[in-house]
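A.B. asks: Once you've had a glance at the structure underneath, I'll fire off some questions.
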Amino acid sequence: MKHLKPFNIFEAVIMPSKIEDDSNVNSFESAIEFGQRNDFDVVEYDEFYNSLGDADKRTAPPRRGVPFFALFNPVRGKAMFVLSDPNAARFIPNFKEIMLDIIGHERVHQEQSVRKGFVDYSLPSPLDRKVYFSNKEEVMAFSFTIANGLSKMNRSLETAMRELDVPFNPRSAMRPAEHTMLWSDIKRYCDEKTIKRYRKYIYLYLEKIFN
């Protein structure tokens, strides 16, 4: 028994709780109400930006570029979904499913903050991709994102892990899934040690999803 490695609670993957709410989300107002019922905030860009400190404002996502994004808000202690374009909920197909996938990622961060008891927290900057993707908290959260995407396109853990190893073809006529492009970026920017950590977490998440 002396050769067994002690279990580390900070290494155990965090499975965000599933939201069981069949309400329609097809407008900014309905998105706000959906968030209120399920313990996350939905705000417009200005409210998000004005809530940041000076350091975080310098690396905040621009208003133009993406219609929505999300983050863990350490002041509120919960996920925040930001709509740069308030009309996105009305015009983007499968908006609710996309929103729930993103909120799942941020709820991993929410539980990480509980585990570690953050006192001083700053948002990780996505501008330096290597640093961003190698951040230990992001490794776990992005592993959930990838495993969640794989689980929707595969029927078993084994086939999902095989798909993970299929090379990404940027010349393909078909648009690849978001988790495929994400995994391609991670492999491009991260060292082998970090990639192995991703693979371990992805496998553990798939175990939980397919259990």
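Starting from 1 in every chain, residues are counted up; chains themselves are A, B, ... following the order of the structure tokens, and ligands are numbered from 1 as listed.
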Among chain A, which ones does DSSP place in alpha helix (DSSP H), written as a ChimeraX atom specification?

C.D. replies: /A:28-37,45-50,54-58,88-91,95-116,129-134,136-151,157-164,178-189,192-210

A.B. asks: Include C-alpha atoms and write out the residues we just selected as a CSV table (one decimal), in the first residue's frame.

C.D. replies:
chain,number,residue,atom,x,y,z
A,28,PHE,CA,-32.8,38.6,-23.7
A,29,GLU,CA,-35.6,38.9,-21.2
A,30,SER,CA,-36.3,35.2,-21.1
A,31,ALA,CA,-32.5,34.5,-20.8
A,32,ILE,CA,-32.4,36.8,-17.7
A,33,GLU,CA,-35.3,35.0,-16.1
A,34,PHE,CA,-33.8,31.6,-17.0
A,35,GLY,CA,-30.6,32.6,-15.3
A,36,GLN,CA,-32.4,33.9,-12.2
A,37,ARG,CA,-34.2,30.6,-11.8
A,45,TYR,CA,-21.9,44.0,-22.1
A,46,ASP,CA,-21.8,47.4,-20.3
A,47,GLU,CA,-22.9,45.9,-17.0
A,48,PHE,CA,-20.2,43.2,-17.3
A,49,TYR,CA,-17.5,45.7,-18.3
A,50,ASN,CA,-18.3,48.2,-15.6
A,54,ASP,CA,-8.8,48.2,-14.2
A,55,ALA,CA,-6.5,45.2,-14.7
A,56,ASP,CA,-9.3,43.0,-15.9
A,57,LYS,CA,-10.7,45.7,-18.2
A,58,ARG,CA,-7.4,45.7,-20.2
A,88,ALA,CA,-28.5,36.8,-30.1
A,89,ALA,CA,-31.0,34.7,-28.0
A,90,ARG,CA,-33.6,35.4,-30.6
A,91,PHE,CA,-31.7,34.6,-33.8
A,95,PHE,CA,-29.2,29.2,-28.2
A,96,LYS,CA,-30.3,27.6,-24.9
A,97,GLU,CA,-28.2,24.5,-25.5
A,98,ILE,CA,-25.1,26.6,-26.3
A,99,MET,CA,-25.7,28.8,-23.2
A,100,LEU,CA,-26.0,25.7,-20.9
A,101,ASP,CA,-22.8,24.2,-22.3
A,102,ILE,CA,-20.9,27.5,-21.6
A,103,ILE,CA,-22.5,27.9,-18.1
A,104,GLY,CA,-21.3,24.3,-17.3
A,105,HIS,CA,-17.7,25.4,-18.0
A,106,GLU,CA,-18.1,28.4,-15.7
A,107,ARG,CA,-19.7,26.3,-12.9
A,108,VAL,CA,-16.6,24.2,-12.9
A,109,HIS,CA,-14.7,27.4,-12.0
A,110,GLN,CA,-17.4,28.3,-9.4
A,111,GLU,CA,-16.7,25.0,-7.6
A,112,GLN,CA,-13.0,25.5,-8.0
A,113,SER,CA,-13.3,28.8,-6.1
A,114,VAL,CA,-15.1,27.0,-3.3
A,115,ARG,CA,-12.4,24.3,-3.1
A,116,LYS,CA,-9.6,26.8,-3.0
A,129,ARG,CA,-3.1,31.4,-25.5
A,130,LYS,CA,-0.3,29.3,-24.1
A,131,VAL,CA,-0.7,30.7,-20.6
A,132,TYR,CA,-4.5,30.6,-20.8
A,133,PHE,CA,-4.8,27.0,-21.9
A,134,SER,CA,-2.1,25.9,-19.5
A,136,LYS,CA,-4.7,24.5,-14.2
A,137,GLU,CA,-8.2,25.8,-13.5
A,138,GLU,CA,-8.8,26.2,-17.2
A,139,VAL,CA,-7.4,22.8,-18.0
A,140,MET,CA,-10.2,21.2,-15.9
A,141,ALA,CA,-12.9,23.5,-17.2
A,142,PHE,CA,-11.9,23.1,-20.9
A,143,SER,CA,-11.6,19.3,-20.4
A,144,PHE,CA,-15.3,19.4,-19.3
A,145,THR,CA,-16.2,21.4,-22.4
A,146,ILE,CA,-14.4,18.9,-24.7
A,147,ALA,CA,-15.8,15.8,-23.0
A,148,ASN,CA,-19.3,17.4,-23.0
A,149,GLY,CA,-19.0,18.0,-26.8
A,150,LEU,CA,-17.6,14.5,-27.5
A,151,SER,CA,-20.5,12.9,-25.5
A,157,LEU,CA,-16.3,6.5,-23.7
A,158,GLU,CA,-14.2,4.4,-26.1
A,159,THR,CA,-15.5,5.9,-29.3
A,160,ALA,CA,-15.3,9.4,-27.8
A,161,MET,CA,-11.7,8.9,-26.9
A,162,ARG,CA,-11.0,7.6,-30.4
A,163,GLU,CA,-12.6,10.7,-31.9
A,164,LEU,CA,-10.4,12.8,-29.7
A,178,GLU,CA,-16.5,23.5,-31.5
A,179,HIS,CA,-14.8,21.0,-29.2
A,180,THR,CA,-12.7,19.7,-32.1
A,181,MET,CA,-11.4,23.2,-32.9
A,182,LEU,CA,-10.8,23.9,-29.2
A,183,TRP,CA,-8.8,20.6,-28.8
A,184,SER,CA,-6.7,21.5,-31.9
A,185,ASP,CA,-5.9,24.9,-30.4
A,186,ILE,CA,-4.9,23.4,-27.1
A,187,LYS,CA,-2.5,20.9,-28.7
A,188,ARG,CA,-1.0,23.8,-30.7
A,189,TYR,CA,-0.2,26.0,-27.7
A,192,GLU,CA,3.1,17.6,-23.7
A,193,LYS,CA,2.7,17.5,-19.9
A,194,THR,CA,-0.3,19.8,-20.1
A,195,ILE,CA,-1.8,17.8,-23.0
A,196,LYS,CA,-1.5,14.7,-20.9
A,197,ARG,CA,-3.3,16.4,-18.1
A,198,TYR,CA,-6.1,17.4,-20.5
A,199,ARG,CA,-6.4,13.8,-21.7
A,200,LYS,CA,-6.7,12.5,-18.2
A,201,TYR,CA,-9.4,15.0,-17.2
A,202,ILE,CA,-11.3,14.4,-20.5
A,203,TYR,CA,-11.3,10.7,-19.8
A,204,LEU,CA,-12.5,11.2,-16.2
A,205,TYR,CA,-15.3,13.4,-17.4
A,206,LEU,CA,-16.4,11.0,-20.1
A,207,GLU,CA,-16.4,8.2,-17.4
A,208,LYS,CA,-18.9,10.3,-15.4
A,209,ILE,CA,-21.0,11.3,-18.4
A,210,PHE,CA,-21.3,7.7,-19.7

A.B. asks: Go through chain A and collect every residue that DSSP, computed from the backbone, puts in strand (DSSP E); the answer should be as number ranges by chain.

C.D. replies: A: 41-44, 68-73, 78-83

A.B. asks: Keeping only C-alpha atoms, write the selected residues to a file as a PDB file, in the first residue's frame.

C.D. replies:
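The result, stored in again04.pdb:
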ATOM      1  CA  ASP A  41     -26.483  36.037 -14.032  1.00  0.00           C
ATOM      2  CA  VAL A  42     -27.348  37.204 -17.541  1.00  0.00           C
ATOM      3  CA  VAL A  43     -26.219  40.748 -18.350  1.00  0.00           C
ATOM      4  CA  GLU A  44     -25.485  43.058 -21.251  1.00  0.00           C
ATOM      5  CA  PHE A  68     -21.941  36.303 -26.154  1.00  0.00           C
ATOM      6  CA  PHE A  69     -19.470  34.798 -23.694  1.00  0.00           C
ATOM      7  CA  ALA A  70     -19.376  33.833 -20.021  1.00  0.00           C
ATOM      8  CA  LEU A  71     -17.123  34.027 -16.975  1.00  0.00           C
ATOM      9  CA  PHE A  72     -17.101  33.183 -13.289  1.00  0.00           C
ATOM     10  CA  ASN A  73     -17.832  36.357 -11.320  1.00  0.00           C
ATOM     11  CA  LYS A  78     -21.574  32.579  -9.628  1.00  0.00           C
ATOM     12  CA  ALA A  79     -21.409  32.312 -13.398  1.00  0.00           C
ATOM     13  CA  MET A  80     -22.162  35.389 -15.511  1.00  0.00           C
ATOM     14  CA  PHE A  81     -23.425  35.061 -19.090  1.00  0.00           C
ATOM     15  CA  VAL A  82     -22.732  38.202 -21.122  1.00  0.00           C
ATOM     16  CA  LEU A  83     -24.717  39.114 -24.222  1.00  0.00           C
TER      17      LEU A  83
END

A.B. asks: Give me, please, the distance in Å between atom CA of Ser84 of chain A and atom CA of Ile14 of chain A, quoted to one decimal.

C.D. replies: 28.4 Å

A.B. asks: Report the distance between atom CA of Asn38 of chain A and atom CA of Pro86 of chain A in Å, rounded to one decimal place.

C.D. replies: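 Atom CA of Asn38 of chain A sits 19.4 Å away from atom CA of Pro86 of chain A.
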